[in-house]
file data38.csv (CSV, C-alpha atoms)
chain,number,residue,atom,x,y,z
A,27,MET,CA,103.8,112.1,52.9
A,28,SER,CA,101.1,112.4,55.5
A,29,GLU,CA,100.1,115.1,57.9
A,30,ARG,CA,100.0,114.0,61.5
A,31,PRO,CA,97.4,115.4,63.9
A,32,LEU,CA,98.8,117.2,67.0
A,33,ARG,CA,98.8,115.0,70.0
A,34,VAL,CA,98.6,116.9,73.3
A,35,HIS,CA,99.5,115.0,76.4
A,36,VAL,CA,96.7,115.3,78.9
A,37,GLY,CA,97.6,112.9,81.6
A,38,ALA,CA,98.9,109.5,82.6
A,39,HIS,CA,98.0,106.6,84.9
A,40,MET,CA,100.9,104.6,86.2
A,41,GLY,CA,99.9,101.7,88.4
A,42,LEU,CA,101.1,98.2,89.1
A,43,ALA,CA,98.5,96.6,86.7
A,44,GLU,CA,98.5,99.2,83.9
A,45,ARG,CA,100.6,102.0,82.7
A,46,MET,CA,98.9,104.4,80.2
A,47,ARG,CA,99.5,107.8,78.8
A,48,VAL,CA,96.6,109.7,77.3
A,49,PHE,CA,96.9,112.2,74.5
A,50,ARG,CA,94.2,114.4,73.0
A,51,ILE,CA,93.8,114.4,69.2
A,52,PRO,CA,91.0,116.3,67.4
A,53,ASP,CA,88.3,113.6,67.4
A,54,ALA,CA,89.5,111.2,70.2
A,55,LEU,CA,91.6,110.4,73.2
A,56,GLU,CA,94.6,108.3,72.3
A,57,VAL,CA,95.6,105.9,75.0
A,58,ASP,CA,99.2,104.5,74.8
A,59,SER,CA,99.5,101.5,77.1
A,60,SER,CA,102.9,100.2,77.9
A,61,ASP,CA,103.2,96.5,77.1
A,62,HIS,CA,106.8,95.6,78.1
A,63,PHE,CA,108.8,97.7,75.7
A,64,GLU,CA,106.1,98.3,73.2
A,65,ILE,CA,103.3,100.8,73.2
A,66,TYR,CA,99.9,99.4,72.5
A,67,ARG,CA,97.7,102.2,71.2
A,68,ARG,CA,93.9,102.5,71.3
A,69,ARG,CA,91.4,105.3,70.9
A,70,VAL,CA,88.4,106.5,72.8
A,71,PHE,CA,86.4,108.4,70.2
A,72,LEU,CA,84.7,111.4,71.6
A,73,ASP,CA,81.4,110.6,69.8
A,74,GLU,CA,81.4,107.2,71.5
A,75,VAL,CA,81.9,108.3,75.1
A,76,LEU,CA,79.3,107.0,77.5
A,77,LEU,CA,80.5,108.3,80.9
A,78,VAL,CA,83.2,110.7,82.2
A,79,THR,CA,84.0,110.4,85.9
A,80,LEU,CA,86.2,112.2,88.4
A,81,HIS,CA,87.0,110.7,91.8
A,82,LYS,CA,89.5,111.1,94.6
A,83,GLY,CA,91.7,108.3,95.8
A,84,TRP,CA,94.9,107.7,97.7
A,85,GLY,CA,98.2,106.3,96.8
A,86,GLY,CA,101.3,107.1,94.8
A,87,GLY,CA,100.9,104.3,92.3
A,88,LEU,CA,104.3,102.9,91.6
A,89,TYR,CA,106.2,105.3,93.9
A,90,PRO,CA,105.8,103.3,97.2
A,91,TRP,CA,107.0,100.2,95.5
A,92,VAL,CA,110.0,101.8,93.8
A,93,ILE,CA,111.0,103.6,97.0
A,94,GLY,CA,110.4,100.3,98.9
A,95,VAL,CA,112.8,98.5,96.6
A,96,LEU,CA,115.4,101.2,97.2
A,97,ALA,CA,114.9,100.9,100.9
A,98,LEU,CA,115.4,97.1,100.7
A,99,CYS,CA,118.7,97.7,98.7
A,100,CYS,CA,119.9,100.1,101.4
A,101,ALA,CA,118.9,97.6,104.2
A,102,CYS,CA,120.8,94.8,102.4
A,103,THR,CA,123.9,97.0,102.0
A,104,ALA,CA,123.7,98.0,105.7
A,105,ALA,CA,123.5,94.3,106.6
A,106,ILE,CA,126.6,93.6,104.6
A,107,PHE,CA,128.5,96.3,106.5
A,108,PHE,CA,127.5,94.6,109.8
A,109,ALA,CA,129.8,91.8,108.8
A,110,ILE,CA,132.7,94.2,107.9
A,111,PRO,CA,134.7,95.5,110.9
A,112,ASP,CA,135.5,99.2,111.3
A,113,SER,CA,132.6,100.3,109.0
A,114,GLU,CA,130.3,101.8,111.6
A,115,GLU,CA,130.0,105.1,109.7
A,116,LEU,CA,128.9,103.5,106.4
A,117,ARG,CA,126.6,101.1,108.2
A,118,ASN,CA,124.9,103.9,110.1
A,119,GLY,CA,124.6,105.9,107.0
A,120,PHE,CA,122.8,103.1,105.1
A,121,LEU,CA,120.6,102.5,108.2
A,122,ILE,CA,119.6,106.1,108.2
A,123,ALA,CA,118.9,106.1,104.5
A,124,THR,CA,116.8,102.9,104.9
A,125,ALA,CA,114.7,104.5,107.6
A,126,ALA,CA,114.2,107.7,105.6
A,127,LEU,CA,113.2,105.6,102.5
A,128,VAL,CA,110.8,103.5,104.5
A,129,LEU,CA,109.2,106.7,105.9
A,130,LEU,CA,109.0,108.2,102.4
A,131,ALA,CA,107.4,104.9,101.0
A,132,VAL,CA,104.8,105.0,103.8
A,133,ALA,CA,104.1,108.7,103.1
A,134,THR,CA,103.6,108.2,99.4
A,135,VAL,CA,100.8,105.7,100.2
A,136,PHE,CA,98.8,108.7,101.6
A,137,ILE,CA,99.3,111.0,98.6
A,138,PRO,CA,95.9,112.3,97.5
A,139,ALA,CA,95.2,111.6,93.8
A,140,TRP,CA,92.3,112.7,91.6
A,141,THR,CA,91.5,110.4,88.7
A,142,VAL,CA,89.6,111.2,85.5
A,143,THR,CA,88.1,108.2,83.7
A,144,VAL,CA,86.6,108.3,80.3
A,145,TYR,CA,84.4,105.3,79.4
A,146,GLY,CA,83.8,104.7,75.7
A,147,ARG,CA,81.8,102.0,74.0
A,148,ARG,CA,84.8,99.8,73.4
A,149,THR,CA,87.6,100.9,75.8
A,150,ARG,CA,88.4,103.5,78.4
A,151,ALA,CA,91.0,106.1,79.2
A,152,ARG,CA,92.2,107.0,82.7
A,153,MET,CA,94.4,109.8,84.0
A,154,ARG,CA,95.6,110.4,87.5
A,155,TYR,CA,96.7,113.7,88.9
A,156,ARG,CA,98.5,113.7,92.3
A,157,PHE,CA,98.1,116.8,94.4
A,158,ARG,CA,96.5,118.6,91.4
A,159,GLU,CA,92.8,118.7,92.0
A,160,GLY,CA,92.4,121.9,89.9
A,161,LYS,CA,94.1,120.3,86.9
A,162,ALA,CA,92.0,117.1,87.2
A,163,ARG,CA,88.8,119.2,87.3
A,164,ALA,CA,89.9,121.3,84.4
A,165,VAL,CA,90.7,118.2,82.3
A,166,HIS,CA,87.3,116.7,83.3
A,167,ALA,CA,85.5,119.8,82.2
A,168,GLU,CA,87.4,120.1,79.0
A,169,ILE,CA,86.8,116.5,78.0
A,170,CYS,CA,83.1,116.8,78.9
A,171,ALA,CA,82.8,119.9,76.7
A,172,ALA,CA,84.6,118.2,73.8
A,173,VAL,CA,82.4,115.1,74.1
A,174,ALA,CA,79.2,117.2,74.2
A,175,GLU,CA,80.4,119.0,71.1
A,176,ALA,CA,81.3,115.8,69.3
A,177,GLN,CA,78.0,114.2,70.1
A,178,ARG,CA,75.9,117.2,69.1
A,179,PRO,CA,73.6,116.1,66.2
A,180,SER,CA,75.0,117.2,62.9
A,181,PRO,CA,72.9,118.0,59.8
A,182,ASP,CA,75.3,116.1,57.6
A,183,PHE,CA,74.3,112.8,59.1
A,184,VAL,CA,70.9,111.1,59.3
B,264,MET,CA,81.9,94.2,74.5
B,265,SER,CA,85.6,93.8,74.9
B,266,GLU,CA,88.8,95.6,74.1
B,267,PRO,CA,90.2,94.9,70.7
B,268,LEU,CA,92.9,92.2,70.5
B,269,GLY,CA,96.5,93.3,70.6
B,270,GLY,CA,97.0,92.5,66.9
B,271,GLN,CA,98.5,89.4,65.2
B,272,GLY,CA,100.6,87.4,67.6
B,273,GLN,CA,99.6,89.5,70.6
B,274,ARG,CA,97.9,88.2,73.6
B,275,PRO,CA,94.3,89.4,74.2
B,276,ARG,CA,93.9,92.5,76.4
B,277,ARG,CA,91.9,92.5,79.6
B,278,ALA,CA,88.2,92.6,78.8
B,279,TYR,CA,86.4,95.9,79.0
B,280,ALA,CA,82.8,95.6,80.0
B,281,GLY,CA,81.6,99.2,79.7
B,282,PRO,CA,81.1,102.0,82.3
B,283,ALA,CA,81.9,100.9,85.9
B,284,CYS,CA,82.4,102.5,89.3
B,285,PRO,CA,85.9,104.1,89.2
B,286,HIS,CA,86.5,102.9,92.8
B,287,CYS,CA,85.3,99.2,92.9
B,288,GLY,CA,84.7,98.4,89.2
B,289,THR,CA,81.1,97.4,89.6
B,290,ALA,CA,79.2,97.8,86.3
B,291,LEU,CA,77.0,101.0,86.2
B,292,ASP,CA,73.9,101.6,84.2
B,293,VAL,CA,74.6,104.9,82.5
B,294,SER,CA,70.9,105.5,81.6
B,295,ARG,CA,70.2,105.7,85.3
B,296,LEU,CA,73.1,108.0,86.2
B,297,ALA,CA,72.5,111.7,86.6
B,298,ALA,CA,75.2,114.4,86.1
B,299,GLY,CA,76.9,115.5,89.3
B,300,GLU,CA,78.0,113.9,92.5
B,301,GLN,CA,77.0,110.2,92.6
B,302,ALA,CA,77.6,107.3,95.0
B,303,CYS,CA,78.4,103.8,93.8
B,304,PRO,CA,75.5,101.4,94.6
B,305,ALA,CA,78.0,98.7,95.6
B,306,CYS,CA,80.7,100.5,97.5
B,307,ALA,CA,78.9,103.8,98.3
B,308,LYS,CA,82.0,105.8,97.5
B,309,PRO,CA,81.4,109.2,95.8
B,310,PHE,CA,82.5,110.2,92.3
B,311,LEU,CA,81.6,113.0,90.0
B,312,ALA,CA,79.8,111.7,86.9
B,313,MET,CA,78.9,113.1,83.5
B,314,PRO,CA,76.9,110.6,81.5
B,315,PHE,CA,76.4,110.9,77.8
B,316,ALA,CA,74.0,109.3,75.3
B,317,PRO,CA,75.9,108.9,72.0
B,318,PRO,CA,73.9,108.2,68.9
B,319,GLU,CA,73.6,104.5,68.3
B,320,ALA,CA,74.8,104.6,64.8
B,321,ARG,CA,75.7,107.3,62.4
B,322,VAL,CA,74.9,106.6,58.8
B,323,GLU,CA,76.4,109.0,56.3
B,324,THR,CA,74.2,110.0,53.4
B,325,VAL,CA,75.5,108.6,50.2
B,326,SER,CA,74.3,110.2,47.0
B,327,THR,CA,73.3,107.7,44.3
B,328,LEU,CA,73.7,107.9,40.6
B,329,ILE,CA,69.9,107.9,40.2
B,330,GLU,CA,69.6,111.1,42.3
B,331,ALA,CA,72.4,112.9,40.5
B,332,GLY,CA,71.8,111.6,37.0
B,333,PRO,CA,74.3,109.8,34.7
B,334,GLU,CA,75.7,113.1,33.3
B,335,ALA,CA,76.1,114.8,36.7
B,336,ALA,CA,78.1,112.1,38.5
B,337,ILE,CA,80.7,109.4,38.1
B,338,PRO,CA,80.1,106.0,39.6
B,339,CYS,CA,82.2,104.7,42.4
B,340,ALA,CA,84.6,102.0,41.4
B,341,ARG,CA,83.3,99.6,44.1
B,342,HIS,CA,79.6,100.6,44.3
B,343,ALA,CA,78.3,101.1,40.8
B,344,GLY,CA,75.1,102.6,42.1
B,345,ASN,CA,76.7,105.3,44.2
B,346,ALA,CA,78.1,108.6,43.0
B,347,ALA,CA,81.8,109.2,43.4
B,348,VAL,CA,82.8,112.1,45.7
B,349,ALA,CA,86.6,111.9,45.5
B,350,ASN,CA,89.6,110.2,44.1
B,351,CYS,CA,91.9,108.1,46.1
B,352,SER,CA,95.0,110.1,47.0
B,353,ARG,CA,97.2,107.1,46.2
B,354,CYS,CA,95.7,105.2,43.2
B,355,GLY,CA,93.3,107.7,41.9
B,356,VAL,CA,90.3,105.4,41.8
B,357,PHE,CA,86.8,107.1,42.1
B,358,MET,CA,85.3,106.6,45.6
B,359,CYS,CA,81.8,107.1,47.0
B,360,ALA,CA,81.3,108.5,50.5
B,361,LEU,CA,81.1,104.9,51.8
B,362,CYS,CA,84.6,104.0,50.5
B,363,LYS,CA,86.3,107.2,51.3
B,364,ILE,CA,88.7,107.0,54.3
B,365,ASP,CA,90.1,110.3,55.4
B,366,ILE,CA,93.3,109.8,57.3
B,367,ASP,CA,96.6,111.7,57.9
B,368,GLY,CA,95.5,114.4,55.4
B,369,MET,CA,94.7,111.9,52.6
B,370,SER,CA,91.6,110.4,51.2
B,371,LEU,CA,92.1,106.7,50.6
B,372,CYS,CA,90.2,103.9,49.1
B,373,PRO,CA,89.8,100.7,51.3
B,374,SER,CA,92.5,98.8,49.3
B,375,CYS,CA,95.1,101.5,49.6
B,376,PHE,CA,94.2,102.0,53.2
B,377,ASP,CA,94.8,98.3,53.9
B,378,ARG,CA,98.1,98.4,52.0
B,379,LEU,CA,99.5,101.5,53.6
B,380,THR,CA,98.4,100.3,57.0
B,381,ASN,CA,100.2,97.0,56.5
B,382,GLU,CA,103.3,98.8,55.3
B,383,GLY,CA,103.2,101.0,58.5
B,384,VAL,CA,103.1,104.2,56.4
B,385,LEU,CA,99.9,105.6,58.1
B,386,SER,CA,101.0,106.9,61.5
B,387,SER,CA,97.4,107.3,62.7
B,388,ALA,CA,96.6,103.7,61.9
B,389,ARG,CA,99.6,102.2,63.8
B,390,THR,CA,98.6,100.5,67.0
B,391,HIS,CA,102.0,99.1,68.1
B,392,LEU,CA,105.2,101.2,68.5
B,393,ARG,CA,108.5,100.7,70.2
B,394,ASP,CA,108.3,102.4,73.6
B,395,TRP,CA,111.6,104.4,73.5
B,396,ARG,CA,110.5,106.6,76.4
B,397,GLY,CA,109.9,103.6,78.6
B,398,ILE,CA,113.1,101.9,77.6
B,399,SER,CA,115.1,105.0,78.3
B,400,VAL,CA,113.6,105.5,81.8
B,401,ALA,CA,114.1,101.8,82.6
B,402,PHE,CA,117.7,101.9,81.5
B,403,GLY,CA,118.1,105.2,83.5
B,404,ILE,CA,116.8,103.7,86.7
B,405,LEU,CA,118.4,100.2,86.3
B,406,GLY,CA,121.7,101.8,85.4
B,407,CYS,CA,121.8,103.6,88.7
B,408,PHE,CA,121.9,100.2,90.4
B,409,MET,CA,124.7,99.1,88.1
B,410,TYR,CA,126.7,102.3,88.4
B,411,VAL,CA,130.0,100.3,87.8
B,412,LEU,CA,128.8,99.8,84.3
B,413,GLY,CA,127.8,103.5,83.9
B,414,LEU,CA,130.0,104.0,80.9
B,415,ILE,CA,127.9,101.4,79.1
B,416,THR,CA,124.4,102.0,80.5
B,417,GLY,CA,124.8,105.8,80.5
B,418,PRO,CA,125.3,106.3,76.8
B,419,LEU,CA,122.7,103.7,76.1
B,420,THR,CA,120.2,105.6,78.2
B,421,LEU,CA,121.1,108.8,76.4
B,422,PHE,CA,120.7,107.0,73.0
B,423,PHE,CA,117.2,105.6,74.0
B,424,ALA,CA,116.2,109.1,75.3
B,425,TRP,CA,117.3,110.6,72.0
B,426,MET,CA,115.1,108.0,70.2
B,427,GLY,CA,112.3,108.9,72.5
B,428,PHE,CA,112.7,112.6,71.6
B,429,ARG,CA,112.7,111.7,67.9
B,430,GLN,CA,109.6,109.5,68.2
B,431,ARG,CA,107.9,112.3,70.1
B,432,ARG,CA,108.7,114.8,67.3
B,433,GLN,CA,107.6,112.3,64.6
B,434,LEU,CA,104.3,111.7,66.4
B,435,ASN,CA,103.8,115.4,66.7
B,436,GLU,CA,103.3,115.2,70.5
B,437,ARG,CA,103.1,118.1,72.9
B,438,GLY,CA,103.7,117.7,76.6
B,439,GLY,CA,104.8,114.7,78.6
B,440,ILE,CA,108.5,115.5,78.3
B,441,LEU,CA,109.4,115.0,82.0
B,442,SER,CA,110.2,111.3,81.9
B,443,LEU,CA,112.6,111.8,78.9
B,444,VAL,CA,114.3,114.7,80.7
B,445,MET,CA,114.6,112.4,83.8
B,446,ALA,CA,116.1,109.7,81.6
B,447,VAL,CA,118.7,112.1,80.2
B,448,LEU,CA,119.6,113.2,83.8
B,449,PHE,CA,120.0,109.6,84.9
B,450,GLY,CA,122.2,108.8,81.9
B,451,LEU,CA,124.4,111.8,82.6
B,452,MET,CA,124.6,110.8,86.3
B,453,GLN,CA,125.7,107.3,85.4
B,454,ILE,CA,128.4,108.6,83.1
B,455,GLY,CA,129.6,111.2,85.6
B,456,PHE,CA,129.7,108.7,88.4
B,457,SER,CA,131.6,106.1,86.3
B,458,VAL,CA,134.2,108.7,85.3
B,459,PHE,CA,134.6,109.8,88.9
B,460,LEU,CA,135.0,106.1,89.9
B,461,ILE,CA,137.6,105.5,87.3
B,462,TRP,CA,139.4,108.7,88.3
B,463,ALA,CA,139.3,107.7,92.0
B,464,ILE,CA,140.7,104.2,91.2
B,465,VAL,CA,143.4,105.5,88.9
B,466,SER,CA,144.5,108.2,91.4
B,467,GLU,CA,144.6,105.6,94.2
B,468,ALA,CA,146.7,103.3,92.1
B,469,THR,CA,149.2,105.9,91.1
B,470,LYS,CA,149.8,107.0,94.7

call {"tool": "encode", "arguments": {"input": "data38.csv", "output": "structure tokens"}}
result
Amino acid sequence: MSERPLRVHVGAHMGLAERMRVFRIPDALEVDSSDHFEIYRRRVFLDEVLLVTLHKGWGGGLYPWVIGVLALCCACTAAIFFAIPDSEELRNGFLIATAALVLLAVATVFIPAWTVTVYGRRTRARMRYRFREGKARAVHAEICAAVAEAQRPSPDFV
Amino acid sequence: MSEPLGGQGQRPRRAYAGPACPHCGTALDVSRLAAGEQACPACAKPFLAMPFAPPEARVETVSTLIEAGPEAAIPCARHAGNAAVANCSRCGVFMCALCKIDIDGMSLCPSCFDRLTNEGVLSSARTHLRDWRGISVAFGILGCFMYVLGLITGPLTLFFAWMGFRQRRQLNERGGILSLVMAVLFGLMQIGFSVFLIWAIVSEATK
């Protein structure tokens, strides 16, 4: 019945406080925020954008926490094997896995991430790119160009 | 200025207070910002800024019957003084430029727009959807912790991922497929591990 506009995925921001995916549609950025098992959708219209920023930060978002939980699980399993006789191999295996996961969790804290934030009149969109500075700069430039085009005075309006 | 509420029965979203420092969240005065590298006045951290000055309000020109003349135009069904520019795609009523709502390839009058929005027919107007992608990823990861139940959680993960792919196609999305592919792999892993576990138990029991 209806023709849907193409939604192009431009980025995502996955943090502890908010999880959002950003899509580009012809006249706006659509922000899908995860609210438990529902998507709550809002739009940042290009002709309402006030500011677009790009900044560098550190941290792997959810990754350190997820890897930390896995490390905790491995540590608990290793502790269980301490109580079981003749299980040195398994116990050592889990201890090595725990140490590796802890190191990985610490390493993910120092992942460089570039974040593009688009501030509209009523809401904002945020996209984070880990290790991909070029992609972040390209998205920033593309959004700035689209906003400038959308906010150019049109002769159809007074 | 705040973000819109989450809809009927939804809790209010966190307030949005306009442009702010992307590092510390301190409110910024956009009119004083210049394009290029900037430093936050509060935390002094750098960021690249591109400020814009959108027009305050855009008012579309509406042609009136007086301008067009009674023979040259048909009056809008809601605004008798305005000239109609289109028919509603659903009910056919004459609409002026004020009433006309262009959405999903249709031109609708306000009444039909409200009706179709409430019925969930207009995909562009929907603000709440089931997050099949998130559900499939959650089942994929949680199922790995409950690998004994892999023959239950694995197919469920695959089903939710399939729903995610279907939703993606319905919404005409491009890109962002990685999480769904990961969920499928997690689902297959769970099934494979469960089958291996059952085979190992059965082969041990038959020895």

call {"tool": "interface_residues", "arguments": {"input": "data38.csv", "of": "chain A", "to": "chain B", "cutoff": "9 Å", "atoms": "only C-alpha atoms", "output": "short mmCIF file (atom, residue, chain, number, x, y, z; two decimals) with C-alpha atoms, keeping the file's coordinate frame"}}
result
data_model
loop_
_atom_site.label_atom_id
_atom_site.label_comp_id
_atom_site.auth_asym_id
_atom_site.auth_seq_id
_atom_site.Cartn_x
_atom_site.Cartn_y
_atom_site.Cartn_z
CA MET A 27 103.80 112.10 52.90
CA SER A 28 101.10 112.40 55.50
CA GLU A 29 100.10 115.10 57.90
CA ARG A 30 100.00 114.00 61.50
CA PRO A 31 97.40 115.40 63.90
CA LEU A 32 98.80 117.20 67.00
CA ARG A 33 98.80 115.00 70.00
CA VAL A 34 98.60 116.90 73.30
CA HIS A 35 99.50 115.00 76.40
CA VAL A 36 96.70 115.30 78.90
CA GLY A 37 97.60 112.90 81.60
CA ALA A 38 98.90 109.50 82.60
CA ARG A 47 99.50 107.80 78.80
CA PHE A 49 96.90 112.20 74.50
CA ASP A 58 99.20 104.50 74.80
CA SER A 60 102.90 100.20 77.90
CA ASP A 61 103.20 96.50 77.10
CA HIS A 62 106.80 95.60 78.10
CA PHE A 63 108.80 97.70 75.70
CA GLU A 64 106.10 98.30 73.20
CA ILE A 65 103.30 100.80 73.20
CA TYR A 66 99.90 99.40 72.50
CA ARG A 67 97.70 102.20 71.20
CA ARG A 68 93.90 102.50 71.30
CA ASP A 73 81.40 110.60 69.80
CA GLU A 74 81.40 107.20 71.50
CA VAL A 75 81.90 108.30 75.10
CA LEU A 76 79.30 107.00 77.50
CA LEU A 77 80.50 108.30 80.90
CA VAL A 78 83.20 110.70 82.20
CA THR A 79 84.00 110.40 85.90
CA LEU A 80 86.20 112.20 88.40
CA HIS A 81 87.00 110.70 91.80
CA LYS A 82 89.50 111.10 94.60
CA GLY A 83 91.70 108.30 95.80
CA THR A 141 91.50 110.40 88.70
CA VAL A 142 89.60 111.20 85.50
CA THR A 143 88.10 108.20 83.70
CA VAL A 144 86.60 108.30 80.30
CA TYR A 145 84.40 105.30 79.40
CA GLY A 146 83.80 104.70 75.70
CA ARG A 147 81.80 102.00 74.00
CA ARG A 148 84.80 99.80 73.40
CA THR A 149 87.60 100.90 75.80
CA ARG A 150 88.40 103.50 78.40
CA CYS A 170 83.10 116.80 78.90
CA VAL A 173 82.40 115.10 74.10
CA ALA A 174 79.20 117.20 74.20
CA GLN A 177 78.00 114.20 70.10
CA ARG A 178 75.90 117.20 69.10
CA PRO A 179 73.60 116.10 66.20
CA ASP A 182 75.30 116.10 57.60
CA PHE A 183 74.30 112.80 59.10
CA VAL A 184 70.90 111.10 59.30
#

call {"tool": "closest_residue", "arguments": {"input": "data38.csv", "among": "A:Ala105, A:Ala171, A:Val128, A:Trp84", "to": "Trp140 (chain A)", "atoms": "only C-alpha atoms"}}
result
A:Trp84

call {"tool": "residues_around", "arguments": {"input": "data38.csv", "residues": "Ser374 (chain B)", "least_positions_apart": "3", "cutoff": "10 Å", "atoms": "all atoms listed in the file", "output": "ChimeraX atom specification"}}
result
/B:351,354,362,371,377-380

call {"tool": "write_last_selection", "arguments": {"input": "data38.csv", "atoms": "C-alpha atoms", "output": "JSON list (two decimals), in the frame of the given file"}}
result
[["chain", "number", "residue", "atom", "x", "y", "z"],
["B", 351, "CYS", "CA", 91.90, 108.10, 46.10],
["B", 354, "CYS", "CA", 95.70, 105.20, 43.20],
["B", 362, "CYS", "CA", 84.60, 104.00, 50.50],
["B", 371, "LEU", "CA", 92.10, 106.70, 50.60],
["B", 377, "ASP", "CA", 94.80, 98.30, 53.90],
["B", 378, "ARG", "CA", 98.10, 98.40, 52.00],
["B", 379, "LEU", "CA", 99.50, 101.50, 53.60],
["B", 380, "THR", "CA", 98.40, 100.30, 57.00]]

call {"tool": "atom_distance", "arguments": {"input": "data38.csv", "atom1": "CA of Leu421 (chain B)", "atom2": "CA of Glu56 (chain A)"}}
result
26.8 Å

call {"tool": "residues_around", "arguments": {"input": "data38.csv", "residues": "region 326-331 of chain B", "least_positions_apart": "6", "cutoff": "12 Å", "atoms": "all atoms listed in the file", "output": "list of chain:residue names"}}
result
B:Ile337, B:Pro338, B:Cys339, B:His342, B:Ala343, B:Gly344, B:Asn345, B:Ala346, B:Ala347, B:Val348, B:Met358, B:Cys359, B:Ala360, B:Leu361
